[in-house]
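Structure file run.csv (CSV, C-alpha atoms and all ligand atoms) follows.
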chain,number,residue,atom,x,y,z
T,740,VAL,CA,-28.0,17.8,-10.9
T,741,THR,CA,-25.4,20.4,-11.7
T,742,THR,CA,-25.7,23.8,-10.3
T,743,ARG,CA,-22.3,25.3,-10.4
T,744,LYS,CA,-19.4,25.7,-12.8
T,745,SER,CA,-15.8,25.9,-11.8
T,746,ALA,CA,-13.7,28.8,-13.0
T,747,ASN,CA,-12.5,26.7,-15.9
T,748,GLY,CA,-16.1,26.0,-17.0
T,749,THR,CA,-16.4,22.4,-15.6
T,750,LYS,CA,-19.7,21.5,-14.0
T,751,ILE,CA,-19.6,20.7,-10.3
T,752,PRO,CA,-22.5,18.5,-9.1
T,753,LYS,CA,-24.7,19.4,-6.1
T,754,SER,CA,-24.2,15.9,-4.8
T,755,ALA,CA,-21.7,13.1,-5.4
T,756,ARG,CA,-21.1,9.5,-4.3
T,757,GLU,CA,-18.9,8.2,-1.6
T,758,VAL,CA,-18.2,4.7,-0.1
T,759,ARG,CA,-19.1,4.2,3.6
T,760,LEU,CA,-18.7,1.5,6.1
T,761,ALA,CA,-22.1,-0.2,6.4
T,762,LYS,CA,-21.1,-3.1,8.7
T,763,HIS,CA,-17.9,-4.0,10.5
T,764,ALA,CA,-15.9,-6.7,8.8
T,765,GLU,CA,-15.6,-10.1,10.5
T,766,GLY,CA,-13.5,-12.9,8.9
T,767,LYS,CA,-13.5,-12.6,5.2
T,768,LEU,CA,-14.7,-9.2,3.8
T,769,THR,CA,-18.1,-9.2,2.0
T,770,LEU,CA,-19.8,-6.6,-0.2
T,771,GLY,CA,-22.4,-6.1,2.6
T,772,CYS,CA,-19.8,-4.3,4.6
T,773,PHE,CA,-19.8,-1.4,2.2
T,774,GLU,CA,-22.4,1.2,1.2
T,775,VAL,CA,-22.2,3.5,-1.8
T,776,ALA,CA,-24.1,6.6,-0.8
T,777,GLU,CA,-25.1,10.0,-2.3
T,778,THR,CA,-23.8,13.0,-0.3
T,779,ALA,CA,-24.0,16.8,-0.7
T,780,VAL,CA,-21.1,18.7,-2.2
T,781,PRO,CA,-21.3,21.9,-0.1
T,782,GLU,CA,-20.3,25.4,-1.1
T,783,PRO,CA,-16.7,26.0,0.0
T,784,GLY,CA,-16.3,28.4,2.9
T,785,LYS,CA,-13.5,31.0,3.2
T,786,GLY,CA,-10.1,29.3,2.7
T,787,GLU,CA,-11.7,26.1,1.4
T,788,VAL,CA,-11.5,24.3,-1.9
T,789,VAL,CA,-13.7,21.9,-3.9
T,790,VAL,CA,-11.7,19.0,-5.3
T,791,ARG,CA,-12.8,16.4,-7.8
T,792,THR,CA,-11.2,13.1,-6.9
T,793,ASP,CA,-9.3,11.5,-9.8
T,794,TYR,CA,-7.7,8.4,-8.2
T,795,VAL,CA,-7.9,6.8,-4.8
T,796,LEU,CA,-5.6,4.3,-3.1
T,797,VAL,CA,-6.8,0.7,-2.5
T,798,ALA,CA,-4.8,-1.0,0.2
T,799,ALA,CA,-4.9,-4.2,2.4
T,800,ALA,CA,-4.8,-2.1,5.6
T,801,PHE,CA,-8.3,-0.8,4.9
T,802,GLN,CA,-9.7,-4.2,5.8
T,803,ASP,CA,-8.1,-3.9,9.2
T,804,MET,CA,-9.7,-0.4,9.6
T,805,MET,CA,-13.1,-2.0,9.0
T,806,ARG,CA,-12.9,-4.3,12.0
T,807,THR,CA,-13.9,-3.6,15.6
T,808,ASP,CA,-10.6,-5.1,16.8
T,809,CYS,CA,-8.4,-3.0,14.5
T,810,GLN,CA,-4.9,-2.7,15.9
T,811,LEU,CA,-3.5,-0.1,13.5
T,812,PRO,CA,-2.3,3.1,15.1
T,813,ILE,CA,-4.8,5.1,13.1
T,814,PRO,CA,-8.5,5.6,13.8
T,815,PRO,CA,-10.6,2.7,12.4
T,816,PHE,CA,-13.7,3.5,10.1
T,817,GLN,CA,-16.9,4.0,12.0
T,818,ILE,CA,-20.3,2.7,10.7
T,819,GLY,CA,-21.7,5.3,8.3
T,820,GLN,CA,-18.3,7.0,7.8
T,821,ARG,CA,-16.6,7.5,4.5
T,822,MET,CA,-13.8,5.0,3.9
T,823,GLY,CA,-10.4,5.3,2.3
T,824,LEU,CA,-7.4,7.6,2.8
T,825,GLY,CA,-5.0,8.7,0.1
T,826,ALA,CA,-6.5,10.4,-2.9
T,827,VAL,CA,-5.3,12.6,-5.8
T,828,GLY,CA,-7.6,15.1,-7.4
T,829,THR,CA,-8.1,18.4,-9.2
T,830,VAL,CA,-9.1,21.7,-7.6
T,831,MET,CA,-12.4,22.8,-9.2
T,832,LEU,CA,-13.3,25.8,-7.0
T,833,SER,CA,-11.0,27.7,-4.6
T,834,ASN,CA,-11.6,30.2,-1.9
T,835,SER,CA,-7.9,30.2,-0.9
T,836,PRO,CA,-4.9,32.0,-2.3
T,837,ALA,CA,-2.9,28.8,-1.6
T,838,LEU,CA,-4.5,26.7,-4.4
T,839,GLY,CA,-5.8,27.6,-7.8
T,840,VAL,CA,-8.4,25.9,-10.1
T,841,GLY,CA,-6.8,23.1,-12.0
T,842,ASP,CA,-4.1,22.4,-9.4
T,843,LEU,CA,-3.4,18.7,-8.9
T,844,VAL,CA,-3.5,17.9,-5.2
T,845,MET,CA,-3.0,15.0,-2.9
T,846,SER,CA,-5.0,14.5,0.3
T,847,MET,CA,-6.5,12.0,2.8
T,848,SER,CA,-10.0,12.7,1.6
T,849,GLY,CA,-10.8,9.1,0.9
T,850,TRP,CA,-13.3,7.3,-1.3
T,851,SER,CA,-15.5,10.0,-2.6
T,852,GLU,CA,-16.1,11.6,-6.0
T,853,TYR,CA,-15.7,15.1,-4.6
T,854,SER,CA,-14.4,16.6,-1.4
T,855,VAL,CA,-14.6,20.0,0.2
T,856,GLY,CA,-12.2,21.3,2.9
T,857,PRO,CA,-9.6,23.8,4.1
T,858,ALA,CA,-6.8,24.3,1.5
T,859,GLU,CA,-4.2,23.2,4.1
T,860,GLN,CA,-5.6,19.7,3.9
T,861,TYR,CA,-4.6,19.4,0.2
T,862,PHE,CA,-0.9,19.3,-0.9
T,863,LYS,CA,-0.2,20.6,-4.3
T,864,ILE,CA,1.7,18.1,-6.4
T,865,ASP,CA,3.6,18.3,-9.7
T,866,ALA,CA,1.5,16.9,-12.5
T,867,LYS,CA,4.6,16.6,-14.7
T,868,GLN,CA,6.9,14.8,-12.3
T,869,PHE,CA,5.6,11.3,-13.1
T,870,GLU,CA,3.8,9.7,-16.0
T,871,SER,CA,0.6,9.3,-13.9
T,872,PRO,CA,-0.7,10.9,-10.7
T,873,VAL,CA,-1.1,7.4,-9.2
T,874,TYR,CA,2.7,7.5,-8.6
T,875,TYR,CA,1.8,9.7,-5.6
T,876,LEU,CA,-0.5,6.9,-4.2
T,877,SER,CA,2.2,4.4,-3.4
T,878,GLN,CA,3.2,2.3,-0.4
T,879,GLY,CA,6.8,3.6,-0.9
T,880,PRO,CA,7.3,5.4,2.4
T,881,THR,CA,6.6,2.1,4.2
T,882,ALA,CA,8.8,0.1,1.9
T,883,TYR,CA,11.7,2.5,2.1
T,884,TYR,CA,11.5,3.1,5.8
T,885,GLY,CA,11.3,-0.7,6.5
T,886,MET,CA,14.2,-1.6,4.2
T,887,ALA,CA,16.5,1.3,4.8
T,888,ASP,CA,15.9,2.4,8.4
T,889,ILE,CA,14.6,-0.8,10.1
T,890,ALA,CA,16.4,-3.6,8.2
T,891,LYS,CA,19.3,-1.4,7.2
T,892,VAL,CA,19.8,-3.3,4.0
T,893,GLY,CA,23.1,-2.8,2.3
T,894,LYS,CA,25.8,-4.2,0.1
T,895,GLY,CA,26.2,-8.0,0.1
T,896,ASP,CA,22.9,-8.8,1.9
T,897,VAL,CA,20.8,-11.8,0.9
T,898,VAL,CA,17.2,-10.6,1.3
T,899,PHE,CA,13.9,-12.3,1.4
T,900,VAL,CA,10.6,-10.3,0.8
T,901,SER,CA,7.3,-12.1,1.5
T,902,GLY,CA,4.2,-10.8,-0.3
T,903,ALA,CA,6.7,-9.5,-2.9
T,904,ALA,CA,4.2,-8.7,-5.7
T,905,GLY,CA,2.0,-6.6,-3.4
T,906,GLY,CA,2.1,-2.8,-2.9
T,907,VAL,CA,4.7,-2.7,-0.2
T,908,GLY,CA,6.7,-5.8,-1.1
T,909,SER,CA,7.1,-4.9,-4.8
T,910,LEU,CA,8.8,-1.6,-3.8
T,911,ALA,CA,10.7,-3.1,-0.8
T,912,GLY,CA,12.5,-5.6,-3.0
T,913,GLN,CA,13.6,-2.9,-5.4
T,914,VAL,CA,14.8,-0.7,-2.6
T,915,ALA,CA,17.0,-3.5,-1.4
T,916,LYS,CA,18.5,-3.9,-4.9
T,917,CYS,CA,19.1,-0.2,-5.3
T,918,ARG,CA,20.9,-0.2,-1.9
T,919,GLY,CA,23.3,-2.9,-3.0
T,920,ALA,CA,21.8,-6.2,-1.8
T,921,LYS,CA,23.6,-9.2,-3.4
T,922,MET,CA,20.5,-11.2,-3.8
T,923,VAL,CA,16.7,-10.4,-3.5
T,924,ILE,CA,14.3,-13.3,-3.3
T,925,GLY,CA,10.5,-12.8,-3.3
T,926,SER,CA,7.5,-15.0,-2.6
T,927,ALA,CA,4.1,-14.5,-4.2
T,928,GLY,CA,0.9,-16.5,-4.8
T,929,SER,CA,1.0,-17.4,-8.5
T,930,LYS,CA,3.4,-18.3,-11.4
T,931,ALA,CA,2.5,-15.1,-13.2
T,932,LYS,CA,3.5,-13.0,-10.1
T,933,VAL,CA,6.7,-15.0,-9.7
T,934,ASP,CA,7.6,-14.3,-13.4
T,935,TYR,CA,6.7,-10.6,-12.9
T,936,LEU,CA,9.0,-10.3,-10.0
T,937,VAL,CA,12.0,-11.7,-11.8
T,938,ASN,CA,11.4,-10.5,-15.3
T,939,GLU,CA,10.0,-7.0,-14.6
T,940,LEU,CA,11.0,-5.9,-11.1
T,941,GLY,CA,14.6,-7.1,-11.0
T,942,PHE,CA,14.3,-9.7,-8.2
T,943,ASP,CA,17.0,-12.3,-8.5
T,944,ALA,CA,14.7,-15.2,-7.7
T,945,ALA,CA,11.1,-15.8,-6.6
T,946,PHE,CA,8.9,-18.7,-5.7
T,947,ASP,CA,5.2,-19.4,-5.4
T,948,TYR,CA,4.5,-20.1,-1.7
T,949,HIS,CA,1.9,-22.7,-2.7
T,950,ASP,CA,4.6,-24.8,-4.3
T,951,GLY,CA,6.2,-27.1,-1.7
T,952,SER,CA,7.5,-25.9,1.7
T,953,VAL,CA,8.6,-22.4,2.1
T,954,VAL,CA,11.7,-23.4,4.1
T,955,ASP,CA,12.8,-25.9,1.3
T,956,ASN,CA,12.4,-23.2,-1.3
T,957,LEU,CA,14.5,-20.7,0.8
T,958,ARG,CA,17.2,-23.3,1.6
T,959,LYS,CA,17.6,-24.0,-2.2
T,960,LEU,CA,17.7,-20.3,-3.1
T,961,ALA,CA,19.8,-19.1,-0.2
T,962,PRO,CA,22.1,-22.0,1.0
T,963,ASP,CA,24.1,-19.6,3.3
T,964,GLY,CA,20.9,-18.2,4.8
T,965,ILE,CA,19.2,-14.8,4.6
T,966,ASP,CA,20.6,-11.6,6.1
T,967,VAL,CA,17.4,-9.5,5.8
T,968,PHE,CA,13.7,-10.5,5.9
T,969,PHE,CA,11.0,-8.0,5.0
T,970,ASP,CA,7.8,-9.6,6.0
T,971,THR,CA,4.3,-8.6,5.0
T,972,VAL,CA,2.7,-12.1,5.4
T,973,GLY,CA,3.7,-13.7,8.7
T,974,GLY,CA,2.5,-17.3,9.2
T,975,GLU,CA,4.5,-20.1,7.6
T,976,GLN,CA,6.7,-17.6,5.7
T,977,PHE,CA,7.8,-16.0,9.0
T,978,GLU,CA,8.5,-19.4,10.5
T,979,ALA,CA,10.5,-20.5,7.5
T,980,ALA,CA,12.6,-17.3,7.5
T,981,VAL,CA,13.6,-17.9,11.1
T,982,GLN,CA,14.8,-21.3,10.1
T,983,VAL,CA,17.1,-19.9,7.4
T,984,ALA,CA,18.3,-16.8,9.1
T,985,ALA,CA,22.0,-16.1,8.8
T,986,ARG,CA,23.9,-14.9,11.9
T,987,SER,CA,22.7,-11.5,13.1
T,988,ALA,CA,20.0,-11.4,10.4
T,989,ARG,CA,17.7,-8.4,10.6
T,990,PHE,CA,13.9,-8.9,10.3
T,991,ALA,CA,11.7,-5.9,9.4
T,992,LEU,CA,8.2,-7.0,10.3
T,993,CYS,CA,5.8,-4.9,8.3
T,994,GLY,CA,2.5,-6.9,8.0
T,995,ALA,CA,0.8,-10.2,8.8
T,996,LEU,CA,-1.5,-10.7,5.8
T,997,SER,CA,-2.0,-14.4,6.6
T,998,ALA,CA,-3.6,-13.5,9.9
T,999,GLN,CA,-5.2,-10.2,8.9
T,1000,ASN,CA,-7.5,-12.0,6.5
T,1001,THR,CA,-9.1,-14.3,9.0
T,1002,SER,CA,-10.6,-14.4,12.5
T,1003,ARG,CA,-8.8,-17.6,13.2
T,1004,LYS,CA,-7.1,-17.4,16.6
T,1005,ASP,CA,-4.3,-19.8,15.5
T,1006,ALA,CA,-3.3,-17.7,12.5
T,1007,SER,CA,-0.2,-16.2,14.2
T,1008,PRO,CA,3.2,-18.0,13.5
T,1009,ARG,CA,5.1,-20.0,16.1
T,1010,LEU,CA,8.3,-18.3,17.2
T,1011,ASP,CA,11.3,-20.6,17.4
T,1012,LEU,CA,12.9,-18.7,20.2
T,1013,MET,CA,16.1,-20.8,20.5
T,1014,THR,CA,17.0,-20.2,16.8
T,1015,VAL,CA,16.3,-16.5,17.2
T,1016,ILE,CA,18.6,-16.4,20.3
T,1017,THR,CA,21.4,-18.5,19.1
T,1018,GLN,CA,21.5,-16.9,15.6
T,1019,ASP,CA,21.3,-13.4,17.2
T,1020,VAL,CA,18.3,-12.5,15.0
T,1021,ASP,CA,17.1,-8.9,15.3
T,1022,LEU,CA,13.3,-9.0,15.1
T,1023,ARG,CA,11.8,-5.5,14.6
T,1024,GLY,CA,8.2,-4.7,14.1
T,1025,PHE,CA,7.5,-1.2,12.7
T,1026,CYS,CA,4.7,1.1,11.8
T,1027,CYS,CA,5.4,3.8,9.2
T,1028,MET,CA,3.6,6.9,10.4
T,1029,HIS,CA,4.3,8.9,7.2
T,1030,THR,CA,6.3,11.6,9.0
T,1031,PRO,CA,7.7,14.4,6.9
T,1032,GLU,CA,11.1,12.6,7.1
T,1033,GLN,CA,9.7,9.3,6.0
T,1034,LEU,CA,7.8,10.9,3.1
T,1035,GLY,CA,10.8,13.0,2.1
T,1036,ALA,CA,13.3,10.1,2.1
T,1037,TRP,CA,11.0,8.0,-0.1
T,1038,ALA,CA,10.2,10.9,-2.5
T,1039,GLN,CA,13.9,11.7,-2.9
T,1040,HIS,CA,15.1,8.1,-3.6
T,1041,PHE,CA,12.0,7.2,-5.7
T,1042,GLY,CA,12.6,10.2,-8.0
T,1043,MET,CA,16.3,9.6,-8.3
T,1044,TRP,CA,16.1,5.8,-8.9
T,1045,LEU,CA,13.3,6.3,-11.5
T,1046,ALA,CA,15.4,8.9,-13.3
T,1047,GLU,CA,18.4,6.6,-13.3
T,1048,GLY,CA,16.3,3.8,-14.8
T,1049,LYS,CA,16.9,1.5,-11.8
T,1050,PHE,CA,13.3,1.4,-10.5
T,1051,VAL,CA,9.9,0.8,-11.9
T,1052,PHE,CA,6.6,1.6,-10.2
T,1053,PRO,CA,4.6,-1.6,-10.1
T,1054,HIS,CA,0.9,-0.7,-10.1
T,1055,THR,CA,-2.6,-1.6,-11.2
T,1056,ILE,CA,-5.3,1.0,-12.0
T,1057,VAL,CA,-8.8,-0.4,-11.5
T,1058,GLU,CA,-11.5,1.1,-13.8
T,1059,GLY,CA,-15.2,1.4,-13.3
T,1060,GLY,CA,-15.7,4.4,-11.0
T,1061,ILE,CA,-16.5,4.7,-7.3
T,1062,GLU,CA,-19.0,1.8,-7.1
T,1063,GLN,CA,-16.2,-0.6,-8.0
T,1064,LEU,CA,-14.2,0.2,-4.8
T,1065,PRO,CA,-15.8,-2.6,-2.6
T,1066,HIS,CA,-15.1,-5.1,-5.4
T,1067,ALA,CA,-11.6,-3.8,-5.8
T,1068,LEU,CA,-10.7,-4.1,-2.1
T,1069,ILE,CA,-12.0,-7.7,-2.0
T,1070,ALA,CA,-10.1,-8.6,-5.2
T,1071,LEU,CA,-6.9,-7.1,-3.8
T,1072,LEU,CA,-7.1,-9.3,-0.7
T,1073,GLN,CA,-7.7,-12.3,-3.0
T,1074,GLY,CA,-4.4,-11.6,-4.8
T,1075,LYS,CA,-6.0,-10.5,-8.1
T,1076,TYR,CA,-3.8,-7.5,-8.6
T,1077,GLN,CA,-0.1,-6.7,-8.7
T,1078,GLY,CA,1.8,-3.9,-7.1
T,1079,ASN,CA,0.3,-0.7,-5.8
T,1080,VAL,CA,-3.4,-0.5,-6.5
T,1081,SER,CA,-5.5,2.6,-7.2
T,1082,LEU,CA,-8.9,3.1,-8.7
T,1083,ARG,CA,-9.8,5.8,-11.2
T,1084,VAL,CA,-12.7,7.8,-9.9
T,1085,ALA,CA,-13.1,10.6,-12.4
T,1086,ALA,CA,-13.8,9.3,-16.0
T,1087,GLY,CA,-11.3,10.5,-18.5
T,1088,ASP,CA,-8.5,11.4,-16.1
W,1,LIG,N1,3.9,-1.5,9.1
W,1,LIG,C1,3.5,-0.5,8.3
W,1,LIG,O1,3.7,0.6,8.6
W,1,LIG,C2,2.6,-0.9,7.2
W,1,LIG,C3,2.2,0.1,6.2
W,1,LIG,C4,1.4,-0.3,5.1
W,1,LIG,C5,1.0,-1.6,5.0
W,1,LIG,N2,1.4,-2.5,6.0
W,1,LIG,C6,1.0,-3.9,5.9
W,1,LIG,O2,1.8,-4.5,4.8
W,1,LIG,C7,1.1,-5.6,4.3
W,1,LIG,C8,1.1,-5.5,2.8
W,1,LIG,O3,0.3,-4.3,2.5
W,1,LIG,P1,0.0,-4.0,0.9
W,1,LIG,O4,-0.9,-2.8,0.9
W,1,LIG,O5,1.3,-4.0,0.2
W,1,LIG,O6,-0.9,-5.2,0.5
W,1,LIG,P2,-0.7,-6.1,-0.7
W,1,LIG,O7,0.5,-6.9,-0.5
W,1,LIG,O8,-0.9,-5.4,-1.9
W,1,LIG,O9,-1.9,-7.1,-0.4
W,1,LIG,C9,-2.5,-7.9,-1.2
W,1,LIG,C10,-1.6,-9.2,-1.4
W,1,LIG,O10,-1.4,-9.9,-0.3
W,1,LIG,C11,-1.3,-11.3,-0.6
W,1,LIG,N3,-2.0,-12.1,0.4
W,1,LIG,C12,-3.2,-11.9,0.8
W,1,LIG,N4,-3.6,-12.8,1.7
W,1,LIG,C13,-2.5,-13.6,1.9
W,1,LIG,C14,-2.2,-14.7,2.7
W,1,LIG,N5,-3.1,-15.3,3.5
W,1,LIG,N6,-0.9,-15.2,2.6
W,1,LIG,C15,0.0,-14.7,1.8
W,1,LIG,N7,-0.2,-13.6,1.0
W,1,LIG,C16,-1.5,-13.1,1.0
W,1,LIG,C17,-1.8,-11.4,-2.0
W,1,LIG,O11,-0.8,-11.7,-2.9
W,1,LIG,P3,-0.4,-13.2,-3.3
W,1,LIG,O12,-1.2,-13.4,-4.6
W,1,LIG,O13,1.0,-13.2,-3.5
W,1,LIG,O14,-0.9,-14.1,-2.2
W,1,LIG,C18,-2.3,-10.0,-2.3
W,1,LIG,O15,-2.0,-9.7,-3.7
W,1,LIG,C19,-0.2,-5.6,5.0
W,1,LIG,O16,-0.2,-6.5,6.0
W,1,LIG,C20,-0.4,-4.2,5.5
W,1,LIG,O17,-1.3,-4.2,6.6
W,1,LIG,C21,2.1,-2.2,7.0
Show me the file's structure as structure tokens.
Amino acid sequence: VTTRKSANGTKIPKSAREVRLAKHAEGKLTLGCFEVAETAVPEPGKGEVVVRTDYVLVAAAFQDMMRTDCQLPIPPFQIGQRMGLGAVGTVMLSNSPALGVGDLVMSMSGWSEYSVGPAEQYFKIDAKQFESPVYYLSQGPTAYYGMADIAKVGKGDVVFVSGAAGGVGSLAGQVAKCRGAKMVIGSAGSKAKVDYLVNELGFDAAFDYHDGSVVDNLRKLAPDGIDVFFDTVGGEQFEAAVQVAARSARFALCGALSAQNTSRKDASPRLDLMTVITQDVDLRGFCCMHTPEQLGAWAQHFGMWLAEGKFVFPHTIVEGGIEQLPHALIALLQGKYQGNVSLRVAAGD
């Protein structure tokens, strides 16, 4: 039912769909954890805007936010609550001088077809800066912060990135190359992803972590050891990285996908303390809180490296509208996509 028209003549529906948490996730994620529900699109109050969602971010961390034992430093989703975070959309109605109809905006409005809220919650973005608005829905701040500020990657480093074809890993490896790393090695879950890392993302070498032991692969590719490890996986890959750490290696511990996907209590890696001590390995876990400094550092380097032709934005856009979001998150966790994943919500945008 459409009752209103925006200033540019586009119809705004009275109600729209959103994806909510139906049931907390335990172990492997199932479709029963999600509900696609109809919700009202209210009239905007003073200072508010109505935004049509064009694209939303799909990320591994959302699975953690669906669990009762979520450890992330952000509020987990509650049952009945709209899921998702990052979204880009188009302002359709505005009761604020800060934003005009047609402006492209980024927000944390999540997995809904429309959102309504105070203009301050929407950040105007430049539609012409990138070839697609999904460039704004990247895991870049985490990749840049982890590589530059935590691992302090630089000239001459031999670097290993686990989960390298994923959203964070595919950017982290490129950040290391752009900052002068001598060699960047990536691990991923299929031959196609391994080829993608080397042929399209500029990794020097890559291997499928299903092929042989991780430690043997690393010893072959980095006989003098690794100086930097950027870890999104944990488990066997973390244990192997400790075994091949060069003296004073820096480990930026970003994620633990191999344990996040399961309720198994034994999913955490064993820590070979004596090697960490005698090799003087610096193990640093970190959480990127998307501070203005972190966002700014990523935006500046991303724009510069893209313009210089040194960087690509690895991404997958999932089609099919809002009802495909539960399938998309499950497929992402099964390794079906490459790079940063977003879903197109509004048809034709
Ligand atoms: N510390 C922070 O501030 C921060 C911020 C954002 C994200 N993170 C974390 O960073 C990690 C990566 O996030 P992302 O959004 O970039 O996700 P992602 O890597 O795009 O996640 C999906 C990929 O993970 C791999 N994967 C899934 N299960 C695996 C397993 N058991 N073992 C090995 N690989 C597995 C799959 O690739 P393959 O086909 O290669 O297996 C899949 O394509 C997550 O742990 C996330 O929570 C941390």
Within 8 Å of ligand LIG 1 (chain W) (only C-alpha atoms and all ligand atoms), residues as a PDB file with C-alpha atoms, in the frame of the given file:
ATOM      1  CA  VAL T 797      -6.800   0.700  -2.500  1.00  0.00           C
ATOM      2  CA  ALA T 798      -4.800  -1.000   0.200  1.00  0.00           C
ATOM      3  CA  ALA T 799      -4.900  -4.200   2.400  1.00  0.00           C
ATOM      4  CA  ALA T 800      -4.800  -2.100   5.600  1.00  0.00           C
ATOM      5  CA  PHE T 801      -8.300  -0.800   4.900  1.00  0.00           C
ATOM      6  CA  ASP T 803      -8.100  -3.900   9.200  1.00  0.00           C
ATOM      7  CA  GLN T 878       3.200   2.300  -0.400  1.00  0.00           C
ATOM      8  CA  THR T 881       6.600   2.100   4.200  1.00  0.00           C
ATOM      9  CA  ALA T 882       8.800   0.100   1.900  1.00  0.00           C
ATOM     10  CA  GLY T 885      11.300  -0.700   6.500  1.00  0.00           C
ATOM     11  CA  SER T 901       7.300 -12.100   1.500  1.00  0.00           C
ATOM     12  CA  GLY T 902       4.200 -10.800  -0.300  1.00  0.00           C
ATOM     13  CA  ALA T 903       6.700  -9.500  -2.900  1.00  0.00           C
ATOM     14  CA  ALA T 904       4.200  -8.700  -5.700  1.00  0.00           C
ATOM     15  CA  GLY T 905       2.000  -6.600  -3.400  1.00  0.00           C
ATOM     16  CA  GLY T 906       2.100  -2.800  -2.900  1.00  0.00           C
ATOM     17  CA  VAL T 907       4.700  -2.700  -0.200  1.00  0.00           C
ATOM     18  CA  GLY T 908       6.700  -5.800  -1.100  1.00  0.00           C
ATOM     19  CA  SER T 909       7.100  -4.900  -4.800  1.00  0.00           C
ATOM     20  CA  SER T 926       7.500 -15.000  -2.600  1.00  0.00           C
ATOM     21  CA  ALA T 927       4.100 -14.500  -4.200  1.00  0.00           C
ATOM     22  CA  GLY T 928       0.900 -16.500  -4.800  1.00  0.00           C
ATOM     23  CA  SER T 929       1.000 -17.400  -8.500  1.00  0.00           C
ATOM     24  CA  LYS T 932       3.500 -13.000 -10.100  1.00  0.00           C
ATOM     25  CA  ASP T 947       5.200 -19.400  -5.400  1.00  0.00           C
ATOM     26  CA  TYR T 948       4.500 -20.100  -1.700  1.00  0.00           C
ATOM     27  CA  ASP T 970       7.800  -9.600   6.000  1.00  0.00           C
ATOM     28  CA  THR T 971       4.300  -8.600   5.000  1.00  0.00           C
ATOM     29  CA  VAL T 972       2.700 -12.100   5.400  1.00  0.00           C
ATOM     30  CA  GLY T 973       3.700 -13.700   8.700  1.00  0.00           C
ATOM     31  CA  GLY T 974       2.500 -17.300   9.200  1.00  0.00           C
ATOM     32  CA  LEU T 992       8.200  -7.000  10.300  1.00  0.00           C
ATOM     33  CA  CYS T 993       5.800  -4.900   8.300  1.00  0.00           C
ATOM     34  CA  GLY T 994       2.500  -6.900   8.000  1.00  0.00           C
ATOM     35  CA  ALA T 995       0.800 -10.200   8.800  1.00  0.00           C
ATOM     36  CA  LEU T 996      -1.500 -10.700   5.800  1.00  0.00           C
ATOM     37  CA  SER T 997      -2.000 -14.400   6.600  1.00  0.00           C
ATOM     38  CA  ALA T 998      -3.600 -13.500   9.900  1.00  0.00           C
ATOM     39  CA  GLN T 999      -5.200 -10.200   8.900  1.00  0.00           C
ATOM     40  CA  ASN T1000      -7.500 -12.000   6.500  1.00  0.00           C
ATOM     41  CA  GLY T1024       8.200  -4.700  14.100  1.00  0.00           C
ATOM     42  CA  PHE T1025       7.500  -1.200  12.700  1.00  0.00           C
ATOM     43  CA  CYS T1026       4.700   1.100  11.800  1.00  0.00           C
ATOM     44  CA  CYS T1027       5.400   3.800   9.200  1.00  0.00           C
ATOM     45  CA  MET T1028       3.600   6.900  10.400  1.00  0.00           C
ATOM     46  CA  LEU T1071      -6.900  -7.100  -3.800  1.00  0.00           C
ATOM     47  CA  LEU T1072      -7.100  -9.300  -0.700  1.00  0.00           C
ATOM     48  CA  GLN T1073      -7.700 -12.300  -3.000  1.00  0.00           C
ATOM     49  CA  GLY T1074      -4.400 -11.600  -4.800  1.00  0.00           C
ATOM     50  CA  LYS T1075      -6.000 -10.500  -8.100  1.00  0.00           C
ATOM     51  CA  TYR T1076      -3.800  -7.500  -8.600  1.00  0.00           C
ATOM     52  CA  GLN T1077      -0.100  -6.700  -8.700  1.00  0.00           C
ATOM     53  CA  GLY T1078       1.800  -3.900  -7.100  1.00  0.00           C
ATOM     54  CA  ASN T1079       0.300  -0.700  -5.800  1.00  0.00           C
ATOM     55  CA  VAL T1080      -3.400  -0.500  -6.500  1.00  0.00           C
TER      56      VAL T1080
END
Checklist entry - Skipping near chain neighbours, those fewer than 5 positions away, what residues fall within 8 Å of T:Phe968 using all atoms listed in the file, listed as a ChimeraX atom specification? => result /T:890,898-901,980,988-992
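Between atom CA of T:Val758 and atom CA of T:Ala837 there is a distance of 28.6 Å.
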Checklist entry - How many Å lie between atom CA of T:Trp1037 and atom CA of T:Ala1085, rounded to one decimal? => result 27.2 Å
Item to check | Among the residues T:Ala911, T:Met1043, T:Val790, T:Val967, the one that comes closest to T:Phe862 [using all atoms listed in the file] | outcome: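 Looking at the shortest contact to T:Phe862, the residue is T:Val790.
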Item to check | All residues 12 Å or closer to stretch 1061-1070 of chain T, all atoms listed in the file, same chain fewer than 2 positions away omitted, as a VMD selection string | outcome: chain T and resid 755 to 761 764 767 to 777 792 to 803 805 822 to 823 849 to 853 1000 1055 to 1059 1072 to 1077 1080 to 1086
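You can rank T:Phe816, T:Trp1044, T:Phe942, T:Tyr884 by their closest distance to T:Gly912 using only C-alpha atoms, and at the top of that list sits T:Phe942.
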Item to check | One-decimal distance in Å that lies between atom CA of T:Phe969 and atom CA of T:Phe1050 | outcome: 18.3 Å
Give me the residues of stretch 815-914 of chain T that have any atom at most 8 Å from an atom of stretch 782-785 of chain T; for each, the nearest atom pair and the distance in Å, rounded to one decimal. Use all atoms listed in the file, sort by chain and number, and format it as a Markdown table.
| residue | atom | partner | partner_atom | distance |
| --- | --- | --- | --- | --- |
| T:Leu832 | CA | T:Pro783 | CA | 7.8 |
| T:Ser833 | CA | T:Pro783 | CA | 7.5 |
| T:Asn834 | CA | T:Lys785 | CA | 5.5 |
| T:Ser835 | CA | T:Lys785 | CA | 7.0 |
| T:Val855 | CA | T:Pro783 | CA | 6.4 |
| T:Gly856 | CA | T:Pro783 | CA | 7.1 |
